[in-house]
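Engineer: File upload_31.cif below, mmCIF, C-alpha atoms:
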data_my_file
loop_
_atom_site.group_PDB
_atom_site.id
_atom_site.type_symbol
_atom_site.label_atom_id
_atom_site.label_comp_id
_atom_site.auth_asym_id
_atom_site.auth_seq_id
_atom_site.Cartn_x
_atom_site.Cartn_y
_atom_site.Cartn_z
ATOM 1 C CA MET J 1 151.885 60.025 58.191
ATOM 2 C CA ILE J 2 154.024 57.663 60.278
ATOM 3 C CA PRO J 3 153.758 58.605 63.986
ATOM 4 C CA PHE J 4 157.349 57.619 64.785
ATOM 5 C CA SER J 5 160.632 59.465 65.052
ATOM 6 C CA PRO J 6 164.295 58.642 65.833
ATOM 7 C CA ASP J 7 164.089 60.265 69.274
ATOM 8 C CA MET J 8 161.627 57.565 70.415
ATOM 9 C CA ILE J 9 164.589 55.169 70.564
ATOM 10 C CA GLU J 10 166.934 55.297 73.573
ATOM 11 C CA ARG J 11 170.213 54.495 71.864
ATOM 12 C CA GLU J 12 172.251 54.436 75.068
ATOM 13 C CA SER J 13 169.846 52.018 76.753
ATOM 14 C CA PRO J 14 170.943 48.427 77.369
ATOM 15 C CA MET J 15 167.564 47.399 75.941
ATOM 16 C CA PRO J 16 168.071 46.053 72.372
ATOM 17 C CA LEU J 17 166.940 48.332 69.559
ATOM 18 C CA TYR J 18 164.650 45.694 68.040
ATOM 19 C CA TYR J 19 162.920 45.274 71.405
ATOM 20 C CA GLN J 20 162.316 49.015 71.698
ATOM 21 C CA VAL J 21 160.909 49.158 68.167
ATOM 22 C CA GLU J 22 158.691 46.164 68.904
ATOM 23 C CA LYS J 23 157.274 47.775 72.051
ATOM 24 C CA ILE J 24 156.520 51.035 70.239
ATOM 25 C CA LEU J 25 154.820 49.219 67.361
ATOM 26 C CA HIS J 26 152.931 46.937 69.763
ATOM 27 C CA ALA J 27 151.461 49.913 71.629
ATOM 28 C CA TRP J 28 150.535 51.666 68.376
ATOM 29 C CA ILE J 29 148.900 48.598 66.848
ATOM 30 C CA THR J 30 146.849 47.645 69.916
ATOM 31 C CA LYS J 31 145.713 51.191 70.746
ATOM 32 C CA GLU J 32 145.329 52.906 67.399
ATOM 33 C CA LEU J 33 144.823 50.348 64.616
ATOM 34 C CA LYS J 34 142.007 48.004 63.688
ATOM 35 C CA PRO J 35 142.261 44.498 62.196
ATOM 36 C CA GLY J 36 142.920 44.785 58.482
ATOM 37 C CA SER J 37 145.026 47.940 58.760
ATOM 38 C CA VAL J 38 148.248 47.888 56.754
ATOM 39 C CA ILE J 39 151.309 49.091 58.651
ATOM 40 C CA PRO J 40 154.308 50.828 57.042
ATOM 41 C CA GLY J 41 156.880 48.728 55.219
ATOM 42 C CA GLU J 42 160.364 47.865 56.448
ATOM 43 C CA LYS J 43 162.063 50.748 54.608
ATOM 44 C CA ASP J 44 159.624 53.344 55.949
ATOM 45 C CA LEU J 45 160.084 52.039 59.495
ATOM 46 C CA CYS J 46 163.865 52.047 59.117
ATOM 47 C CA ASP J 47 163.745 55.681 57.995
ATOM 48 C CA ALA J 48 161.320 56.674 60.752
ATOM 49 C CA PHE J 49 163.313 55.120 63.599
ATOM 50 C CA GLN J 50 166.732 55.526 61.952
ATOM 51 C CA VAL J 51 167.631 51.902 62.571
ATOM 52 C CA SER J 52 168.876 49.083 60.349
ATOM 53 C CA ARG J 53 166.634 46.759 58.389
ATOM 54 C CA SER J 54 167.691 43.797 60.575
ATOM 55 C CA VAL J 55 166.368 45.633 63.652
ATOM 56 C CA VAL J 56 162.991 46.266 62.020
ATOM 57 C CA ARG J 57 162.769 42.713 60.700
ATOM 58 C CA GLN J 58 163.383 41.258 64.157
ATOM 59 C CA ALA J 59 160.732 43.526 65.684
ATOM 60 C CA LEU J 60 158.184 42.586 63.001
ATOM 61 C CA SER J 61 159.037 38.907 63.348
ATOM 62 C CA ASP J 62 158.346 39.021 67.091
ATOM 63 C CA LEU J 63 155.022 40.794 66.523
ATOM 64 C CA THR J 64 154.113 38.160 63.928
ATOM 65 C CA ASN J 65 154.914 35.374 66.394
ATOM 66 C CA LYS J 66 152.659 37.056 68.948
ATOM 67 C CA GLY J 67 149.778 37.007 66.469
ATOM 68 C CA LEU J 68 149.418 40.783 66.072
ATOM 69 C CA ILE J 69 150.407 41.085 62.429
ATOM 70 C CA LYS J 70 150.707 38.927 59.331
ATOM 71 C CA ARG J 71 152.569 39.484 56.079
ATOM 72 C CA TYR J 72 150.744 39.006 52.779
ATOM 73 C CA ARG J 73 152.497 38.981 49.424
ATOM 74 C CA GLY J 74 151.329 41.863 47.293
ATOM 75 C CA ILE J 75 149.581 43.580 50.209
ATOM 76 C CA GLY J 76 152.128 44.144 52.940
ATOM 77 C CA THR J 77 152.026 43.689 56.698
ATOM 78 C CA VAL J 78 148.472 43.649 58.041
ATOM 79 C CA VAL J 79 147.099 43.916 61.569
ATOM 80 C CA VAL J 80 145.167 40.743 62.414
ATOM 81 C CA GLN J 81 142.446 39.950 64.911
ATOM 82 C CA PRO J 82 144.129 39.088 68.235
ATOM 83 C CA LYS J 83 143.575 35.573 69.509
ATOM 84 C CA ILE J 84 141.513 34.901 72.592
ATOM 85 C CA ASP J 85 143.523 33.409 75.427
ATOM 86 C CA GLU J 86 142.218 30.451 77.381
ATOM 87 C CA HIS J 87 144.114 28.458 79.962
ATOM 88 C CA LEU J 88 144.824 24.745 80.188
ATOM 89 C CA VAL J 89 146.165 24.859 83.756
ATOM 90 C CA SER J 90 144.268 27.429 85.756
ATOM 91 C CA THR J 91 141.343 27.875 88.091
ATOM 92 C CA LEU J 92 138.277 25.958 86.952
ATOM 93 C CA THR J 93 136.155 28.595 85.270
ATOM 94 C CA GLY J 94 133.877 28.444 82.276
ATOM 95 C CA PHE J 95 134.066 30.337 78.983
ATOM 96 C CA TYR J 96 131.722 33.069 80.230
ATOM 97 C CA ALA J 97 133.851 33.904 83.276
ATOM 98 C CA ASP J 98 137.100 33.616 81.286
ATOM 99 C CA MET J 99 135.972 36.195 78.753
ATOM 100 C CA ILE J 100 134.561 38.582 81.359
ATOM 101 C CA SER J 101 137.922 38.488 83.171
ATOM 102 C CA GLN J 102 139.612 39.621 79.927
ATOM 103 C CA GLY J 103 137.239 42.552 79.530
ATOM 104 C CA MET J 104 135.340 40.943 76.638
ATOM 105 C CA LYS J 105 131.609 40.643 76.086
ATOM 106 C CA PRO J 106 130.545 37.011 75.704
ATOM 107 C CA LYS J 107 127.225 36.045 74.177
ATOM 108 C CA THR J 108 125.563 32.644 73.976
ATOM 109 C CA LYS J 109 122.931 31.237 71.638
ATOM 110 C CA VAL J 110 121.331 27.902 72.519
ATOM 111 C CA LEU J 111 121.026 25.871 69.332
ATOM 112 C CA GLN J 112 119.522 22.760 70.898
ATOM 113 C CA LYS J 113 118.554 21.431 74.307
ATOM 114 C CA GLU J 114 117.058 18.034 74.974
ATOM 115 C CA ILE J 115 117.031 14.934 77.128
ATOM 116 C CA LYS J 116 118.628 11.806 75.687
ATOM 117 C CA ARG J 117 119.930 8.444 76.862
ATOM 118 C CA ALA J 118 123.621 7.878 77.470
ATOM 119 C CA ASP J 119 125.518 5.315 75.444
ATOM 120 C CA GLU J 120 128.378 3.287 76.934
ATOM 121 C CA ILE J 121 131.076 5.934 76.427
ATOM 122 C CA LEU J 122 129.039 8.871 77.717
ATOM 123 C CA ALA J 123 127.937 6.759 80.683
ATOM 124 C CA HIS J 124 131.575 6.049 81.480
ATOM 125 C CA TYR J 125 132.482 9.747 81.304
ATOM 126 C CA LEU J 126 129.681 10.688 83.714
ATOM 127 C CA SER J 127 129.881 7.610 85.957
ATOM 128 C CA ILE J 128 126.293 6.605 85.206
ATOM 129 C CA LYS J 129 124.671 3.563 83.571
ATOM 130 C CA PRO J 130 124.167 3.173 79.812
ATOM 131 C CA GLY J 131 120.597 4.197 79.094
ATOM 132 C CA ASP J 132 120.423 6.715 81.934
ATOM 133 C CA GLN J 133 118.990 10.080 80.943
ATOM 134 C CA VAL J 134 121.303 13.033 80.368
ATOM 135 C CA ILE J 135 120.738 16.669 79.468
ATOM 136 C CA LYS J 136 122.263 17.787 76.180
ATOM 137 C CA ILE J 137 122.872 21.498 75.548
ATOM 138 C CA HIS J 138 124.321 22.611 72.205
ATOM 139 C CA ARG J 139 125.460 26.251 72.223
ATOM 140 C CA LEU J 140 127.165 28.763 69.946
ATOM 141 C CA ARG J 141 129.415 31.195 71.820
ATOM 142 C CA PHE J 142 130.267 34.688 70.595
ATOM 143 C CA ILE J 143 132.763 37.403 71.501
ATOM 144 C CA GLU J 144 131.803 40.935 70.469
ATOM 145 C CA GLU J 145 129.126 39.437 68.148
ATOM 146 C CA GLU J 146 131.693 37.193 66.392
ATOM 147 C CA PRO J 147 131.087 33.405 66.577
ATOM 148 C CA ILE J 148 134.064 31.800 68.303
ATOM 149 C CA LEU J 149 133.156 28.268 69.374
ATOM 150 C CA LEU J 150 130.546 25.546 69.385
ATOM 151 C CA VAL J 151 130.105 23.610 72.597
ATOM 152 C CA THR J 152 127.961 20.583 73.422
ATOM 153 C CA THR J 153 127.465 19.853 77.115
ATOM 154 C CA PHE J 154 126.071 16.735 78.797
ATOM 155 C CA LEU J 155 124.945 16.522 82.429
ATOM 156 C CA PRO J 156 123.135 13.771 84.395
ATOM 157 C CA LEU J 157 119.410 14.541 84.496
ATOM 158 C CA ASN J 158 118.987 13.106 87.996
ATOM 159 C CA ILE J 159 121.421 15.694 89.419
ATOM 160 C CA PHE J 160 120.035 18.692 87.502
ATOM 161 C CA PRO J 161 116.353 17.842 86.878
ATOM 162 C CA GLN J 162 115.153 21.401 86.146
ATOM 163 C CA LEU J 163 118.164 22.647 84.235
ATOM 164 C CA LEU J 164 116.456 22.862 80.834
ATOM 165 C CA ASP J 165 113.984 25.367 82.298
ATOM 166 C CA GLU J 166 116.785 27.764 83.241
ATOM 167 C CA ASP J 167 118.177 30.723 81.307
ATOM 168 C CA LEU J 168 121.122 29.098 79.542
ATOM 169 C CA GLU J 169 122.121 32.135 77.499
ATOM 170 C CA GLY J 170 122.429 35.038 79.911
ATOM 171 C CA GLN J 171 124.504 33.546 82.713
ATOM 172 C CA SER J 172 127.428 31.274 83.479
ATOM 173 C CA LEU J 173 126.460 27.594 83.498
ATOM 174 C CA TYR J 174 129.006 26.865 86.238
ATOM 175 C CA TYR J 175 127.570 29.644 88.398
ATOM 176 C CA LEU J 176 124.101 28.177 87.894
ATOM 177 C CA LEU J 177 125.203 24.662 88.838
ATOM 178 C CA GLU J 178 126.830 25.880 92.024
ATOM 179 C CA SER J 179 124.351 28.541 93.114
ATOM 180 C CA LYS J 180 121.069 26.710 92.428
ATOM 181 C CA TYR J 181 122.014 23.053 92.762
ATOM 182 C CA GLY J 182 124.708 23.411 95.415
ATOM 183 C CA ILE J 183 127.273 21.479 93.374
ATOM 184 C CA LYS J 184 130.848 22.401 94.289
ATOM 185 C CA LEU J 185 132.956 22.035 91.157
ATOM 186 C CA ALA J 186 136.539 21.217 92.063
ATOM 187 C CA TRP J 187 138.636 20.145 89.094
ATOM 188 C CA GLY J 188 138.546 19.037 85.483
ATOM 189 C CA GLU J 189 140.200 16.664 83.036
ATOM 190 C CA ARG J 190 140.717 17.984 79.508
ATOM 191 C CA THR J 191 142.150 16.917 76.159
ATOM 192 C CA ILE J 192 142.839 19.120 73.145
ATOM 193 C CA GLU J 193 143.316 18.020 69.542
ATOM 194 C CA ALA J 194 143.171 19.477 66.037
ATOM 195 C CA ILE J 195 140.318 18.680 63.645
ATOM 196 C CA SER J 196 138.863 20.147 60.453
ATOM 197 C CA ALA J 197 135.556 21.976 60.345
ATOM 198 C CA ASP J 198 132.686 20.092 58.736
ATOM 199 C CA SER J 199 129.938 21.877 56.806
ATOM 200 C CA GLN J 200 127.784 22.443 59.887
ATOM 201 C CA ASP J 201 130.714 23.798 61.919
ATOM 202 C CA ALA J 202 131.580 26.159 59.060
ATOM 203 C CA LYS J 203 127.988 27.398 58.827
ATOM 204 C CA PHE J 204 127.720 28.327 62.498
ATOM 205 C CA LEU J 205 131.265 29.683 62.944
ATOM 206 C CA GLY J 206 131.374 31.720 59.757
ATOM 207 C CA ILE J 207 134.387 29.888 58.346
ATOM 208 C CA THR J 208 135.129 27.569 55.426
ATOM 209 C CA LYS J 209 134.649 23.808 55.489
ATOM 210 C CA GLY J 210 138.021 22.209 56.194
ATOM 211 C CA ASP J 211 139.345 25.144 58.232
ATOM 212 C CA PRO J 212 141.245 24.080 61.373
ATOM 213 C CA LEU J 213 139.474 23.829 64.718
ATOM 214 C CA LEU J 214 140.797 23.159 68.210
ATOM 215 C CA PHE J 215 138.704 20.321 69.612
ATOM 216 C CA LEU J 216 138.414 20.090 73.398
ATOM 217 C CA ARG J 217 136.843 17.332 75.450
ATOM 218 C CA SER J 218 136.465 17.892 79.166
ATOM 219 C CA ILE J 219 135.021 16.267 82.289
ATOM 220 C CA THR J 220 134.279 18.373 85.359
ATOM 221 C CA TYR J 221 134.352 16.824 88.843
ATOM 222 C CA THR J 222 132.921 17.793 92.225
ATOM 223 C CA GLU J 223 134.879 17.971 95.470
ATOM 224 C CA GLN J 224 133.934 14.309 95.959
ATOM 225 C CA ASP J 225 135.528 13.409 92.579
ATOM 226 C CA ILE J 226 132.111 12.752 91.018
ATOM 227 C CA PRO J 227 131.944 13.616 87.292
ATOM 228 C CA VAL J 228 128.929 15.868 86.678
ATOM 229 C CA GLU J 229 129.663 17.423 83.271
ATOM 230 C CA TYR J 230 131.127 16.260 79.987
ATOM 231 C CA TYR J 231 131.533 18.701 77.133
ATOM 232 C CA GLU J 232 132.977 18.957 73.648
ATOM 233 C CA ALA J 233 134.040 22.339 72.324
ATOM 234 C CA LYS J 234 135.151 23.308 68.843
ATOM 235 C CA HIS J 235 137.178 26.526 68.859
ATOM 236 C CA ARG J 236 138.129 28.460 65.757
ATOM 237 C CA ALA J 237 141.880 27.961 65.497
ATOM 238 C CA ASP J 238 142.341 31.410 63.943
ATOM 239 C CA ARG J 239 140.773 33.094 66.989
ATOM 240 C CA ALA J 240 141.875 31.025 69.972
ATOM 241 C CA ARG J 241 145.058 29.891 71.645
ATOM 242 C CA PHE J 242 145.572 27.957 74.858
ATOM 243 C CA ILE J 243 148.100 28.824 77.528
ATOM 244 C CA THR J 244 149.566 26.294 79.940
ATOM 245 C CA ARG J 245 151.845 26.622 82.945
ATOM 246 C CA LEU J 246 154.628 24.198 83.799
ATOM 247 C CA PHE J 247 156.092 23.528 87.246
ATOM 248 C CA ARG J 248 159.524 22.064 87.950
ATOM 249 C CA THR J 249 158.620 20.992 91.483
ATOM 250 C CA PRO J 250 155.385 19.444 92.805
ATOM 251 C CA ILE J 251 152.659 21.863 93.837
ATOM 252 C CA ASP J 252 152.329 21.810 97.608
ATOM 253 C CA ASN J 253 148.653 20.998 97.662
ATOM 254 C CA GLN J 254 147.411 17.501 98.432
ATOM 255 C CA LYS J 255 144.114 17.920 96.596
ATOM 256 C CA ILE J 256 145.751 19.113 93.383
ATOM 257 C CA ALA J 257 148.266 16.298 93.548
ATOM 258 C CA SER J 258 145.510 13.732 94.017
ATOM 259 C CA THR J 259 143.789 14.787 90.787
ATOM 260 C CA PHE J 260 146.823 13.664 88.809
ATOM 261 C CA ASP J 261 146.467 10.174 90.291
ATOM 262 C CA HIS J 262 142.789 9.992 89.403
ATOM 263 C CA GLU J 263 141.575 7.726 86.599
ATOM 264 C CA LEU J 264 141.757 9.519 83.262
ATOM 265 C CA ARG J 265 138.356 8.784 81.771
ATOM 266 C CA LEU J 266 138.890 10.673 78.524
ATOM 267 C CA THR J 267 141.809 8.493 77.467
ATOM 268 C CA ARG J 268 140.154 5.113 78.011
ATOM 269 C CA TYR J 269 138.411 4.996 74.645
ATOM 270 C CA PHE J 270 140.429 5.589 71.503
ATOM 271 C CA ALA J 271 139.487 5.385 67.834
ATOM 272 C CA LYS J 272 141.177 6.326 64.601
ATOM 273 C CA LYS J 273 138.336 8.706 63.918
ATOM 274 C CA PHE J 274 137.035 11.162 66.497
ATOM 275 C CA GLN J 275 133.784 10.131 68.081
ATOM 276 C CA THR J 276 131.792 13.163 69.116
ATOM 277 C CA PHE J 277 128.347 13.535 70.591
ATOM 278 C CA SER J 278 127.546 16.894 68.987
#
Let me see whether you can do it: turn the structure in this file into structure tokens.
Structural biologist:
Amino acid sequence: MIPFSPDMIERESPMPLYYQVEKILHAWITKELKPGSVIPGEKDLCDAFQVSRSVVRQALSDLTNKGLIKRYRGIGTVVVQPKIDEHLVSTLTGFYADMISQGMKPKTKVLQKEIKRADEILAHYLSIKPGDQVIKIHRLRFIEEEPILLVTTFLPLNIFPQLLDEDLEGQSLYYLLESKYGIKLAWGERTIEAISADSQDAKFLGITKGDPLLFLRSITYTEQDIPVEYYEAKHRADRARFITRLFRTPIDNQKIASTFDHELRLTRYFAKKFQTFS
């Protein structure tokens, strides 16, 4: 039975009918339905709300653009898994803190941890010498038991000599760096590009080889503009989206402004094919 009726629409309101229908459907989908549920068709919704087909189509189109539903030929309109929001311009927090702030339950599995020697590019990213020792941590991150991203992190061994002995699954790495090692993380430089999943990515993330991934590379700096972390993260494109904020006028903060004048290490080396350290 469709839980809608014509009296749910305020026909004298200046608010457009399609917008009212969208809000009602949005609340119903997010509170009552699970991913995979099929919602009523256009005709049934028109009859339930007593509105035109163009009104219903506009409402469904907006919900589709927001990533709540998707139309499949021969099946109908299906509720899809909502995407996880992460921010490109925001406070410098890690994945663990980002997910906690959204009321989600993050989980981490360490796939590999070791000490290796930096090549020329990695040395440049971390402002160290080629051949210097770095810590490599390869992790699989989950949300509600679903694999979401693979991340490989590199840190200078001389700054974090005991890091591999720490619990790297049950706590925020950034919190650990700041609380135990006294490193004050201040800002980060990040790039984002699209790549295809290879066979190993597909195995860990539960997807198909060739599926799209969002590939992030990031360098994290201290208050003294010293790079102390470089990481590469491969996010499932079907489960993640990134939000950015734009400003028309300069932000009135000298420190923030200075970061935009800083050397962009991630854009110094380019190649036709992505070079990753995973």
Engineer: For this structure, which residues satisfy the selection - the PyMOL selection byres ((chain J and resi 17-26) around 7) - when it is evaluated on the file as given? I want them as a ChimeraX atom specification.
Structural biologist: /J:9,15-16,27-30,55-56,58-60,63
Engineer: In Å, with one decimal, what is the gap from atom CA of His235 of chain J to atom CA of Phe154 of chain J?
Structural biologist: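 Between atom CA of His235 of chain J and atom CA of Phe154 of chain J the gap works out to 17.8 Å.
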Engineer: Under the PyMOL selection byres ((chain J and resi 135-152) around 7), which residues of this model are included? Write them out as a list of chain:residue names.
Structural biologist: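 That expression, the PyMOL selection byres ((chain J and resi 135-152) around 7), corresponds here to J:Met104, J:Lys105, J:Pro106, J:Lys107, J:Thr108, J:Lys109, J:Val110, J:Leu111, J:Gln112, J:Lys113, J:Glu114, J:Ile115, J:Lys116, J:Gln133, J:Val134, J:Thr153, J:Phe154, J:Leu155, J:Pro156, J:Leu157, J:Leu205, J:Tyr231, J:Glu232, J:Ala233, J:Lys234, J:His235, J:Arg236, J:Arg239, J:Ser278.
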Engineer: Got a sec to resolve the PyMOL selection byres ((chain J and resi 43) around 12) on this structure and send the residues as an MDAnalysis selection string?
Structural biologist: chainID J and resid 39:42 44:57
Engineer: Compare J:Thr222, J:Leu176, J:Asp211, J:Glu166 by their minimum atom-to-atom distance to Asp198 of chain J, counting only C-alpha atoms, and give me the closest one.
Structural biologist: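 Counting only C-alpha atoms, the residue closest to Asp198 of chain J is J:Asp211.
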Engineer: What does the distance from atom CA of Gln224 of chain J to atom CA of Glu189 of chain J come to in Å, to one decimal?
Structural biologist: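 Between atom CA of Gln224 of chain J and atom CA of Glu189 of chain J the gap is 14.6 Å.
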Engineer: As an exercise, work out the distance from atom CA of Ser196 of chain J to atom CA of Arg73 of chain J in Å and give it to one decimal place.
Structural biologist: 25.7 Å
